[in-house]
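A.B. asks: My file is query-v6.tsv. It has TSV, C-alpha atoms and all ligand atoms:
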chain	number	residue	atom	x	y	z
A	1	MET	CA	-0.49	2.37	-13.34
A	2	THR	CA	0.16	3.11	-9.65
A	3	ILE	CA	-1.67	1.10	-7.00
A	4	LEU	CA	-1.82	1.38	-3.22
A	5	ALA	CA	-2.51	-2.07	-1.76
A	6	PHE	CA	-3.43	-3.24	1.75
A	7	GLU	CA	-3.31	-6.59	3.58
A	8	THR	CA	-4.95	-7.09	7.01
A	9	SER	CA	-6.30	-10.66	6.89
A	10	CYS	CA	-4.54	-11.84	10.05
A	11	ASP	CA	-1.88	-10.26	12.27
A	12	GLU	CA	0.12	-8.18	9.79
A	13	THR	CA	-0.90	-4.65	8.84
A	14	SER	CA	0.72	-4.09	5.47
A	15	ALA	CA	0.61	-1.45	2.73
A	16	ALA	CA	2.53	-1.42	-0.54
A	17	VAL	CA	2.78	0.79	-3.60
A	18	VAL	CA	3.09	-0.94	-6.99
A	19	ARG	CA	3.75	0.94	-10.22
A	20	ASP	CA	3.90	-0.66	-13.69
A	21	GLY	CA	4.90	-4.04	-12.36
A	22	ARG	CA	7.50	-2.66	-9.94
A	23	ILE	CA	7.06	-2.53	-6.23
A	24	LEU	CA	7.94	0.91	-4.98
A	25	SER	CA	7.40	0.17	-1.29
A	26	ASN	CA	6.30	-2.63	1.03
A	27	VAL	CA	5.63	-1.80	4.68
A	28	VAL	CA	4.67	-4.57	7.11
A	29	SER	CA	3.79	-3.97	10.74
A	30	SER	CA	3.74	-7.34	12.50
A	31	GLN	CA	1.71	-7.97	15.66
A	32	ILE	CA	3.49	-11.20	16.67
A	33	LYS	CA	4.70	-9.83	20.02
A	34	LEU	CA	1.18	-8.68	20.97
A	35	HIS	CA	-0.33	-12.14	20.43
A	36	GLN	CA	2.58	-14.12	21.86
A	37	GLU	CA	1.30	-14.12	25.43
A	38	TYR	CA	-1.99	-15.70	24.28
A	39	GLY	CA	-0.27	-18.46	22.28
A	40	GLY	CA	-2.06	-17.49	19.06
A	41	VAL	CA	-3.73	-14.63	17.21
A	42	VAL	CA	-6.60	-12.99	19.16
A	43	PRO	CA	-8.93	-11.60	16.45
A	44	GLU	CA	-10.27	-8.69	18.53
A	45	LEU	CA	-6.75	-7.50	19.39
A	46	ALA	CA	-5.63	-7.95	15.77
A	47	ALA	CA	-8.51	-5.76	14.55
A	48	ARG	CA	-7.69	-3.01	17.07
A	49	GLU	CA	-4.05	-3.05	16.00
A	50	HIS	CA	-5.02	-2.81	12.33
A	51	LEU	CA	-7.18	0.20	13.18
A	52	LYS	CA	-4.28	1.85	15.00
A	53	ASN	CA	-1.70	1.00	12.32
A	54	PHE	CA	-3.67	1.44	9.10
A	55	LEU	CA	-2.98	5.11	8.44
A	56	PRO	CA	0.64	5.20	9.68
A	57	VAL	CA	1.45	2.13	7.54
A	58	ALA	CA	-0.33	3.63	4.51
A	59	GLN	CA	1.51	6.92	4.96
A	60	ALA	CA	4.83	5.12	5.39
A	61	ALA	CA	4.25	3.14	2.18
A	62	LEU	CA	3.43	6.30	0.21
A	63	ARG	CA	6.41	8.14	1.70
A	64	ALA	CA	8.81	5.28	0.97
A	65	ALA	CA	7.51	5.13	-2.60
A	66	GLY	CA	7.73	8.90	-3.04
A	67	ILE	CA	4.12	8.94	-4.25
A	68	SER	CA	1.38	11.38	-3.30
A	69	PRO	CA	-2.22	10.13	-2.98
A	70	ALA	CA	-3.16	12.16	-6.07
A	71	GLN	CA	-0.72	10.09	-8.16
A	72	LEU	CA	-2.54	6.82	-7.39
A	73	ASP	CA	-4.63	5.17	-10.10
A	74	ALA	CA	-6.30	2.53	-7.93
A	75	VAL	CA	-6.55	1.10	-4.41
A	76	ALA	CA	-6.70	-2.63	-3.58
A	77	ALA	CA	-7.11	-4.66	-0.38
A	78	THR	CA	-7.47	-8.24	0.79
A	79	GLN	CA	-11.17	-9.10	0.77
A	80	GLY	CA	-10.79	-12.66	2.12
A	81	PRO	CA	-10.24	-15.27	3.33
A	82	GLY	CA	-9.09	-14.39	6.82
A	83	LEU	CA	-10.21	-13.28	10.28
A	84	ALA	CA	-13.49	-11.41	9.74
A	85	ILE	CA	-12.88	-8.45	12.03
A	86	ALA	CA	-9.26	-8.10	10.90
A	87	LEU	CA	-10.33	-8.06	7.23
A	88	LEU	CA	-13.18	-5.66	8.00
A	89	VAL	CA	-10.88	-2.95	9.36
A	90	GLY	CA	-8.42	-2.98	6.46
A	91	TYR	CA	-10.96	-3.54	3.71
A	92	LYS	CA	-13.38	-0.84	4.81
A	93	ALA	CA	-10.56	1.63	5.47
A	94	ALA	CA	-9.10	0.91	2.01
A	95	GLN	CA	-12.53	1.42	0.41
A	96	ALA	CA	-12.78	4.75	2.25
A	97	VAL	CA	-9.36	5.77	0.87
A	98	ALA	CA	-10.50	4.89	-2.67
A	99	PHE	CA	-13.79	6.75	-2.15
A	100	ALA	CA	-12.06	9.86	-0.77
A	101	LEU	CA	-9.57	9.90	-3.65
A	102	ASN	CA	-12.24	8.97	-6.21
A	103	LYS	CA	-10.12	6.03	-7.48
A	104	PRO	CA	-11.13	2.53	-8.61
A	105	PHE	CA	-11.04	-0.13	-5.88
A	106	LEU	CA	-10.36	-3.86	-6.16
A	107	GLY	CA	-10.87	-6.59	-3.54
A	108	ILE	CA	-8.29	-9.37	-3.80
A	109	ASN	CA	-8.39	-13.04	-2.73
A	110	HIS	CA	-5.49	-13.54	-0.32
A	111	HIS	CA	-4.68	-17.03	-1.59
A	112	GLU	CA	-4.75	-15.99	-5.22
A	113	ALA	CA	-2.22	-13.29	-4.31
A	114	HIS	CA	0.04	-15.93	-2.68
A	115	LEU	CA	0.04	-17.81	-6.02
A	116	TYR	CA	1.91	-14.94	-7.69
A	117	SER	CA	4.41	-14.06	-4.96
A	118	PRO	CA	6.96	-16.71	-6.13
A	119	TRP	CA	7.15	-14.85	-9.46
A	120	ILE	CA	8.31	-11.60	-7.90
A	121	GLU	CA	12.05	-11.38	-8.56
A	122	MET	CA	14.15	-9.88	-5.79
A	123	SER	CA	17.06	-7.90	-7.17
A	124	ARG	CA	19.03	-7.70	-3.92
A	125	GLU	CA	21.70	-10.22	-3.00
A	126	PRO	CA	20.25	-13.40	-1.44
A	127	SER	CA	20.38	-13.09	2.35
A	128	VAL	CA	22.16	-15.51	4.66
A	129	GLU	CA	19.77	-18.43	5.25
A	130	SER	CA	17.76	-17.78	8.40
A	131	PRO	CA	14.55	-19.42	9.65
A	132	GLY	CA	12.43	-16.28	9.36
A	133	PRO	CA	11.61	-13.60	6.84
A	134	ASP	CA	14.33	-11.00	6.55
A	135	SER	CA	13.64	-7.32	6.35
A	136	SER	CA	16.40	-6.08	4.10
A	137	THR	CA	15.38	-3.41	1.63
A	138	LEU	CA	13.35	-4.63	-1.30
A	139	ASN	CA	13.59	-3.90	-4.94
A	140	PRO	CA	11.35	-6.61	-6.27
A	141	GLN	CA	10.11	-6.86	-9.82
A	142	PRO	CA	7.50	-9.19	-11.20
A	143	SER	CA	8.96	-11.88	-13.40
A	144	THR	CA	7.75	-12.10	-16.97
A	145	ASN	CA	8.65	-15.76	-17.50
A	146	PHE	CA	5.55	-17.28	-15.94
A	147	GLN	CA	5.06	-21.03	-16.46
A	148	PRO	CA	2.06	-23.23	-15.66
A	149	ASN	CA	2.73	-24.66	-12.22
A	150	VAL	CA	1.52	-26.55	-9.19
A	151	SER	CA	1.60	-24.14	-6.28
A	152	LEU	CA	1.86	-25.03	-2.59
A	153	ILE	CA	0.38	-22.40	-0.27
A	154	VAL	CA	1.40	-23.30	3.22
A	155	SER	CA	0.82	-21.06	6.24
A	156	GLY	CA	-0.58	-20.94	9.76
A	157	GLY	CA	-4.14	-20.89	8.46
A	158	HIS	CA	-3.96	-22.80	5.19
A	159	THR	CA	-2.38	-25.68	3.29
A	160	LEU	CA	-3.43	-25.74	-0.35
A	161	LEU	CA	-2.26	-27.31	-3.60
A	162	VAL	CA	-3.34	-25.30	-6.63
A	163	LEU	CA	-2.87	-25.92	-10.35
A	164	VAL	CA	-2.10	-22.56	-11.99
A	165	GLU	CA	-2.77	-23.21	-15.66
A	166	SER	CA	-2.03	-19.69	-16.85
A	167	GLU	CA	-1.86	-16.25	-15.25
A	168	LEU	CA	-5.16	-15.54	-13.45
A	169	HIS	CA	-6.44	-19.07	-14.19
A	170	HIS	CA	-6.16	-21.71	-11.52
A	171	ARG	CA	-7.89	-24.74	-10.03
A	172	VAL	CA	-7.61	-25.97	-6.44
A	173	LEU	CA	-6.39	-29.58	-6.35
A	174	GLY	CA	-6.59	-30.16	-2.61
A	175	GLY	CA	-6.14	-28.73	0.84
A	176	THR	CA	-6.01	-29.65	4.48
A	177	ILE	CA	-9.04	-31.41	5.90
A	178	ASP	CA	-8.19	-30.26	9.45
A	179	ASP	CA	-5.14	-28.32	10.71
A	180	ALA	CA	-2.83	-26.30	8.47
A	181	ALA	CA	0.86	-27.24	8.37
A	182	GLY	CA	1.84	-24.01	10.16
A	183	GLU	CA	-0.73	-24.74	12.84
A	184	CYS	CA	0.90	-28.16	13.29
A	185	PHE	CA	4.31	-26.48	13.74
A	186	ASP	CA	2.82	-23.96	16.19
A	187	LYS	CA	0.75	-26.42	18.22
A	188	THR	CA	3.41	-29.11	18.52
A	189	GLY	CA	5.84	-26.32	19.47
A	190	LYS	CA	3.47	-25.27	22.22
A	191	LEU	CA	3.46	-28.87	23.54
A	192	ILE	CA	7.26	-28.73	23.58
A	193	GLY	CA	7.09	-25.42	25.49
A	194	LEU	CA	8.11	-23.08	22.66
A	195	ALA	CA	6.70	-19.58	22.24
A	196	TYR	CA	4.17	-18.68	19.50
A	197	PRO	CA	4.72	-18.88	16.58
A	198	ALA	CA	6.83	-21.99	17.06
A	199	GLY	CA	7.53	-22.65	13.35
A	200	PRO	CA	10.73	-20.57	13.12
A	201	LEU	CA	11.95	-21.94	16.50
A	202	ILE	CA	11.37	-25.56	15.45
A	203	ASP	CA	13.25	-24.79	12.23
A	204	GLN	CA	16.19	-23.46	14.28
A	205	LEU	CA	16.22	-26.29	16.86
A	206	ALA	CA	15.78	-28.94	14.17
A	207	GLU	CA	19.01	-27.84	12.54
A	208	GLN	CA	21.01	-29.67	15.20
A	209	GLY	CA	18.53	-32.50	15.69
A	210	ASN	CA	18.22	-35.97	14.23
A	211	PRO	CA	15.17	-36.16	11.92
A	212	SER	CA	15.08	-39.96	12.25
A	213	ALA	CA	15.23	-40.01	16.07
A	214	TYR	CA	11.47	-40.45	16.50
A	215	ASP	CA	9.02	-41.89	14.02
A	216	PHE	CA	5.88	-39.77	13.60
A	217	PRO	CA	3.04	-40.51	11.14
A	218	ARG	CA	2.98	-38.96	7.66
A	219	PRO	CA	-0.80	-38.47	7.37
A	220	LEU	CA	-2.43	-39.06	3.95
A	221	ILE	CA	0.99	-39.46	2.31
A	222	HIS	CA	-0.21	-42.46	0.30
A	223	ASP	CA	-3.76	-41.15	-0.18
A	224	ALA	CA	-4.67	-40.66	-3.84
A	225	SER	CA	-6.16	-37.21	-3.18
A	226	ASP	CA	-4.20	-33.95	-3.03
A	227	ASP	CA	-5.55	-33.33	0.47
A	228	PHE	CA	-3.54	-33.02	3.67
A	229	SER	CA	-4.25	-33.77	7.33
A	230	PHE	CA	-2.08	-32.64	10.22
A	231	SER	CA	-4.25	-32.98	13.34
A	232	GLY	CA	-3.33	-36.67	13.84
A	233	LEU	CA	0.36	-35.84	13.71
A	234	LYS	CA	-0.15	-33.18	16.37
A	235	THR	CA	-2.05	-35.70	18.54
A	236	SER	CA	0.67	-38.31	18.18
A	237	VAL	CA	3.26	-35.75	19.35
A	238	ARG	CA	0.99	-34.98	22.32
A	239	TYR	CA	0.83	-38.69	23.31
A	240	PHE	CA	4.54	-39.12	22.72
A	241	ILE	CA	5.37	-36.26	25.10
A	242	ARG	CA	2.82	-37.56	27.64
A	243	ASP	CA	4.56	-40.96	27.59
A	244	HIS	CA	8.12	-39.52	27.65
A	245	PRO	CA	7.87	-36.36	29.79
A	246	ALA	CA	11.55	-36.46	30.83
A	247	LEU	CA	12.54	-35.95	27.20
A	248	LEU	CA	11.69	-32.26	27.46
A	249	ASP	CA	14.46	-31.81	30.08
A	250	ASP	CA	17.14	-32.96	27.63
A	251	PRO	CA	18.02	-30.19	25.12
A	252	GLN	CA	19.39	-32.65	22.54
A	253	LYS	CA	16.25	-34.78	22.72
A	254	VAL	CA	14.16	-31.62	22.22
A	255	ARG	CA	16.21	-30.82	19.11
A	256	ASP	CA	15.69	-34.42	17.90
A	257	LEU	CA	11.96	-34.12	18.56
A	258	CYS	CA	11.77	-30.85	16.59
A	259	ALA	CA	13.73	-32.38	13.70
A	260	SER	CA	11.51	-35.49	13.68
A	261	VAL	CA	8.23	-33.51	13.69
A	262	GLN	CA	9.57	-31.17	11.01
A	263	ALA	CA	10.68	-34.13	8.88
A	264	ALA	CA	7.17	-35.64	9.02
A	265	ILE	CA	5.49	-32.37	7.97
A	266	VAL	CA	8.03	-31.62	5.23
A	267	GLU	CA	7.93	-35.14	3.78
A	268	VAL	CA	4.15	-35.02	3.34
A	269	LEU	CA	4.23	-31.53	1.80
A	270	VAL	CA	7.04	-32.37	-0.62
A	271	LYS	CA	5.80	-35.82	-1.71
A	272	LYS	CA	2.25	-34.65	-2.38
A	273	THR	CA	3.37	-31.50	-4.20
A	274	ILE	CA	5.73	-33.42	-6.50
A	275	ARG	CA	3.14	-36.09	-7.15
A	276	ALA	CA	0.54	-33.46	-8.12
A	277	ALA	CA	3.04	-31.77	-10.45
A	278	LYS	CA	3.88	-35.06	-12.17
A	279	ARG	CA	0.26	-36.08	-12.50
A	280	THR	CA	-0.88	-32.75	-13.96
A	281	GLY	CA	2.09	-32.61	-16.34
A	282	VAL	CA	3.32	-29.14	-15.36
A	283	ARG	CA	7.09	-28.54	-15.43
A	284	CYS	CA	7.16	-26.05	-12.57
A	285	VAL	CA	6.44	-26.04	-8.82
A	286	THR	CA	6.00	-22.88	-6.73
A	287	ALA	CA	5.57	-22.34	-3.00
A	288	SER	CA	4.58	-19.45	-0.75
A	289	GLY	CA	3.09	-18.75	2.69
A	290	GLY	CA	4.82	-18.46	6.07
A	291	VAL	CA	5.89	-22.14	6.29
A	292	THR	CA	7.81	-21.68	3.02
A	293	CYS	CA	10.39	-19.86	5.20
A	294	ASN	CA	11.22	-23.31	6.63
A	295	ARG	CA	14.74	-24.26	5.54
A	296	ALA	CA	14.10	-28.01	5.47
A	297	LEU	CA	11.02	-27.49	3.29
A	298	ARG	CA	12.97	-25.20	0.93
A	299	SER	CA	15.88	-27.62	0.60
A	300	GLU	CA	13.77	-30.79	0.35
A	301	LEU	CA	11.52	-29.20	-2.29
A	302	SER	CA	14.56	-28.13	-4.31
A	303	ARG	CA	16.11	-31.57	-4.04
A	304	ALA	CA	12.87	-33.30	-5.10
A	305	CYS	CA	12.27	-30.87	-7.97
A	306	ARG	CA	15.83	-31.36	-9.22
A	307	GLN	CA	15.41	-35.15	-9.08
A	308	ASN	CA	12.16	-34.94	-11.05
A	309	GLY	CA	13.29	-32.40	-13.65
A	310	LEU	CA	10.92	-29.72	-12.33
A	311	THR	CA	11.67	-26.00	-12.07
A	312	LEU	CA	11.13	-24.64	-8.57
A	313	ARG	CA	10.19	-21.07	-7.68
A	314	LEU	CA	10.06	-20.31	-3.99
A	315	ALA	CA	8.71	-16.96	-2.81
A	316	ASP	CA	11.44	-14.81	-1.31
A	317	LYS	CA	11.33	-15.20	2.47
A	318	SER	CA	10.31	-11.56	2.87
A	319	LEU	CA	7.25	-12.26	0.70
A	320	CYS	CA	6.34	-15.71	2.14
A	321	THR	CA	4.59	-14.25	5.17
A	322	ASP	CA	1.61	-11.98	4.62
A	323	ASN	CA	2.32	-8.72	2.80
A	324	ALA	CA	0.55	-6.11	0.67
A	325	THR	CA	3.09	-6.44	-2.14
A	326	MET	CA	1.45	-9.62	-3.43
A	327	ILE	CA	-1.98	-7.94	-3.18
A	328	GLY	CA	-0.75	-4.99	-5.27
A	329	ILE	CA	0.94	-7.19	-7.88
A	330	LEU	CA	-2.19	-9.28	-8.42
A	331	ALA	CA	-4.45	-6.20	-8.40
A	332	GLU	CA	-2.36	-4.64	-11.15
A	333	ARG	CA	-2.52	-7.79	-13.27
A	334	LYS	CA	-6.28	-7.91	-12.83
A	335	LEU	CA	-6.74	-4.25	-13.68
A	336	LEU	CA	-4.59	-4.68	-16.79
A	337	ALA	CA	-6.72	-7.71	-17.72
A	338	ARG	CA	-9.76	-5.41	-17.30
A	339	VAL	CA	-11.60	-7.54	-14.75
A	340	PRO	CA	-14.93	-5.89	-13.89
A	341	LEU	CA	-14.68	-3.65	-10.80
A	342	PRO	CA	-17.03	-4.56	-7.95
A	343	PRO	CA	-19.23	-1.86	-6.35
A	344	LEU	CA	-17.22	0.29	-3.93
A	345	ASP	CA	-19.34	-0.77	-0.95
A	346	GLU	CA	-18.81	-4.52	-1.48
A	347	GLU	CA	-18.43	-6.54	1.74
A	348	ILE	CA	-15.54	-8.65	3.01
A	349	LYS	CA	-15.55	-12.39	2.24
A	350	PRO	CA	-13.94	-14.07	5.31
A	351	GLY	CA	-14.50	-17.60	3.94
A	352	TRP	CA	-13.67	-16.81	0.31
A	353	ALA	CA	-12.19	-20.10	-0.87
A	354	LEU	CA	-10.23	-20.38	-4.11
A	355	ALA	CA	-12.18	-22.36	-6.69
A	401	LIG	O1	1.72	-16.78	6.08
A	401	LIG	P1	1.82	-16.51	7.53
A	401	LIG	O2	2.64	-15.32	7.99
A	401	LIG	O3	0.42	-16.26	8.19
A	401	LIG	C1	-0.70	-17.04	8.04
A	401	LIG	O4	-0.82	-18.01	8.80
A	401	LIG	O5	-1.49	-16.71	7.11
A	401	LIG	O6	2.36	-17.85	8.21
A	401	LIG	C2	2.61	-17.96	9.57
A	401	LIG	C3	2.94	-19.42	9.84
A	401	LIG	C4	3.06	-19.74	11.32
A	401	LIG	O7	2.37	-20.92	11.56
A	401	LIG	C5	4.55	-19.91	11.52
A	401	LIG	O8	4.90	-20.79	12.56
A	401	LIG	C6	4.96	-20.48	10.19
A	401	LIG	O9	4.21	-19.73	9.24
A	401	LIG	N1	6.39	-20.30	9.93
A	401	LIG	C7	7.27	-21.32	9.89
A	401	LIG	C8	8.54	-20.74	9.67
A	401	LIG	N2	8.39	-19.39	9.57
A	401	LIG	C9	7.05	-19.14	9.72
A	401	LIG	N3	7.08	-22.64	10.00
A	401	LIG	C10	8.17	-23.42	9.91
A	401	LIG	N4	9.42	-22.94	9.73
A	401	LIG	C11	9.65	-21.63	9.60
A	401	LIG	N5	10.89	-21.17	9.41
A	402	ZN	ZN	-1.18	-15.76	3.83
What would the structure in this file look like if it were written as structure tokens?
Ligand code: KG4
Ligand code: ZN

C.D. replies:
Amino acid sequence: MTILAFETSCDETSAAVVRDGRILSNVVSSQIKLHQEYGGVVPELAAREHLKNFLPVAQAALRAAGISPAQLDAVAATQGPGLAIALLVGYKAAQAVAFALNKPFLGINHHEAHLYSPWIEMSREPSVESPGPDSSTLNPQPSTNFQPNVSLIVSGGHTLLVLVESELHHRVLGGTIDDAAGECFDKTGKLIGLAYPAGPLIDQLAEQGNPSAYDFPRPLIHDASDDFSFSGLKTSVRYFIRDHPALLDDPQKVRDLCASVQAAIVEVLVKKTIRAAKRTGVRCVTASGGVTCNRALRSELSRACRQNGLTLRLADKSLCTDNATMIGILAERKLLARVPLPPLDEEIKPGWALA
């Protein structure tokens, strides 16, 4: 089965070709530079960029895969959740492609796709650790040794803990009640004067900072729920900077501040993920989403999993941030499981929450 998949839920226009569980191509056109001057993603601009990039990215994915449109068996695209006008462009264009080629079409939940990205094996050599996704050539293959797991999805828009009982069967345990963890990285970075998105920069600066230099709250860390809250942490950084403005003129203190904020975010994410895994009795933890590129989160999660006898599967950095590969992989699994196909003119679902 050969599938052409699309992802346009936020600021990445991505197309991928998946065939029989192998990913033949994965093309991602990122809009980060466009949105940087506004300090965040501007939905209208994102939608216009998707419109401009959709066909070139689709053609590049087909070319890289060596596949002609006639060889496709199905088309898939992210249906939600995400920015409504960004989703609309990619989803409607993908439906039009399926209609023109007379192929089945499948809308995919973006978060459900994230759940499976940690299971995609990368056959290339691991890259040198860097705070962002790398773009070396891919030859990923889906892993066959799936285990029930607790999955952390952690990005600029979402922070979710999900119990994945078996392939295609999951239950949301908790999520953020206000800001996402990535938003906390980005917004505290903005207070420090860092460019958007600040997550990778905080990761880099934190490397030479002291994580115990400043004591920031760990919101909901002792709360019995699997929910998260990051807006109070962001506010406490705001007040801290207001009360110590000179700190921003000292590069070492800025590094210490980054390390301390990062430590607070990472500690909450790791503690609550491990606790959920132990409580539910799974033996495996997985993580995906842009913040999973964070080196402290990756190393703290591995340390905690090792200590607790849990297997850890982290999505490859190139598949942590949004990509069509994960959409194609999940679409293929669903088509093989013979899920009913929705009508071809089905609408986007911007607020489509995982159950
Ligand atoms: O998954 P993603 O590409 O897009 C969505 O938000 O859906 O995630 C982007 C988020 C941003 O908030 C960015 O700052 C954060 O992931 N991020 C990081 C790192 N790399 C990306 N946060 C901390 N450390 C990183 N190395
Ligand atoms: Zn995402």

A.B. asks: Neighbouring residues of region 343-350 of chain A were defined as those with any atom within 10 Å, considering all atoms listed in the file; residues of the same chain fewer than 2 positions away were excluded. Please report them as a ChimeraX atom specification.

C.D. replies: /A:9,77-92,95-96,98-99,103-109,340-341,352-353

A.B. asks: Using all atoms listed in the file, I'd like a table of the residues in chain A that come within 7 Å of ligand ZN 402 (chain A); for each, show the closest atom pair and its distance in Å rounded to one decimal, ordered by chain and ascending number, as CSV.

C.D. replies:
residue,atom,partner,partner_atom,distance
A:His110,CA,A:ZN402,ZN,6.4
A:His111,CA,A:ZN402,ZN,6.6
A:His114,CA,A:ZN402,ZN,6.6
A:Ser155,CA,A:ZN402,ZN,6.2
A:Gly289,CA,A:ZN402,ZN,5.3
A:Gly290,CA,A:ZN402,ZN,7.0
A:Thr321,CA,A:ZN402,ZN,6.1
A:Asp322,CA,A:ZN402,ZN,4.8

A.B. asks: Pick from A:Cys10, A:Met1, A:Leu269, A:Ile221: nearest to ligand LIG 401 (chain A), with all atoms listed in the file counted?

C.D. replies: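 Checking each of A:Cys10, A:Met1, A:Leu269, A:Ile221 against ligand LIG 401 (chain A), counting all atoms listed in the file, the winner is A:Cys10.
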
A.B. asks: Could you produce a table of the residues of region 143-202 of chain A lying within 10 Å of region 31-41 of chain A, with the nearest pair of atoms per residue and their separation in Å rounded to one decimal, using only C-alpha atoms, ordered by chain and increasing residue number, as a tab-separated table?

C.D. replies:
residue	atom	partner	partner_atom	distance
A:Glu183	CA	A:Gly40	CA	9.6
A:Asp186	CA	A:Gly40	CA	8.6
A:Lys187	CA	A:Gly39	CA	9.0
A:Lys190	CA	A:Gly39	CA	7.8
A:Leu194	CA	A:Gly39	CA	9.6
A:Ala195	CA	A:Gln36	CA	6.9
A:Tyr196	CA	A:Gly39	CA	5.2
A:Pro197	CA	A:Gly40	CA	7.4
A:Ala198	CA	A:Gly39	CA	9.5

A.B. asks: Could you check which residues have any atom within 12 Å of (2.8, -30.2, -14.2), counting all atoms listed in the file with coordinates taken straight from the file, and then list them as a ChimeraX atom specification?

C.D. replies: /A:147-151,162-166,273-286,305,308-312

A.B. asks: I want to know what sits within 9 Å of Val57 (chain A), based on only C-alpha atoms, with residues of the same chain fewer than 5 positions away left out; could you give that as an MDAnalysis selection string?

C.D. replies: chainID A and resid 13:16 27:29 62

A.B. asks: For those residues, write C-alpha atoms to a file as an mmCIF file, in the coordinates of the input.

C.D. replies:
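Final output, saved to selection.cif:
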data_model
loop_
_atom_site.group_PDB
_atom_site.id
_atom_site.type_symbol
_atom_site.label_atom_id
_atom_site.label_comp_id
_atom_site.auth_asym_id
_atom_site.auth_seq_id
_atom_site.Cartn_x
_atom_site.Cartn_y
_atom_site.Cartn_z
ATOM 1 C CA THR A 13 -0.900 -4.650 8.840
ATOM 2 C CA SER A 14 0.720 -4.090 5.470
ATOM 3 C CA ALA A 15 0.610 -1.450 2.730
ATOM 4 C CA ALA A 16 2.530 -1.420 -0.540
ATOM 5 C CA VAL A 27 5.630 -1.800 4.680
ATOM 6 C CA VAL A 28 4.670 -4.570 7.110
ATOM 7 C CA SER A 29 3.790 -3.970 10.740
ATOM 8 C CA LEU A 62 3.430 6.300 0.210
#

A.B. asks: Give me, please, the distance in Å between CA of Leu205 (chain A) and CA of Cys258 (chain A), quoted to one decimal.

C.D. replies: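 Straight-line distance from CA of Leu205 (chain A) to CA of Cys258 (chain A) works out to 6.4 Å.
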
A.B. asks: Rank nothing, just name the residue among A:Ala60, A:Leu233, A:Val270, A:Ala324 nearest to Glu12 (chain A), using all atoms listed in the file.

C.D. replies: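 Among the listed residues, A:Ala324 lies closest to Glu12 (chain A).
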
A.B. asks: Nearest to ligand LIG 401 (chain A): which of A:Ala304, A:Leu314, A:Ile202, A:Ala246 is it, counting all atoms listed in the file?

C.D. replies: A:Ile202

A.B. asks: Could you check which of A:Ala206, A:Ile120, A:Leu354, A:Val42 is closest to ligand LIG 401 (chain A), using all atoms listed in the file?

C.D. replies: A:Ala206

A.B. asks: Of the candidates A:Val172, A:Val261, A:Ile67, A:Val268, which shows the shortest atom-to-atom distance to ligand LIG 401 (chain A), using all atoms listed in the file?

C.D. replies: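 Looking at the shortest contact to ligand LIG 401 (chain A), the residue is A:Val261.
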
A.B. asks: Can you pull region 8-19 of chain A out of that block with C-alpha atoms and hand it back as a short mmCIF file (atom, residue, chain, number, x, y, z; two decimals), in the first residue's frame?

C.D. replies:
data_model
loop_
_atom_site.label_atom_id
_atom_site.label_comp_id
_atom_site.auth_asym_id
_atom_site.auth_seq_id
_atom_site.Cartn_x
_atom_site.Cartn_y
_atom_site.Cartn_z
CA THR A 8 -0.37 21.50 7.81
CA SER A 9 -1.78 21.94 11.33
CA CYS A 10 0.57 24.76 12.33
CA ASP A 11 3.66 26.26 10.69
CA GLU A 12 5.15 23.27 8.86
CA THR A 13 4.01 22.27 5.37
CA SER A 14 4.92 18.62 5.11
CA ALA A 15 4.30 15.76 2.68
CA ALA A 16 5.51 12.17 2.95
CA VAL A 17 5.16 8.96 0.98
CA VAL A 18 4.74 5.73 2.96
CA ARG A 19 4.76 2.29 1.35
#
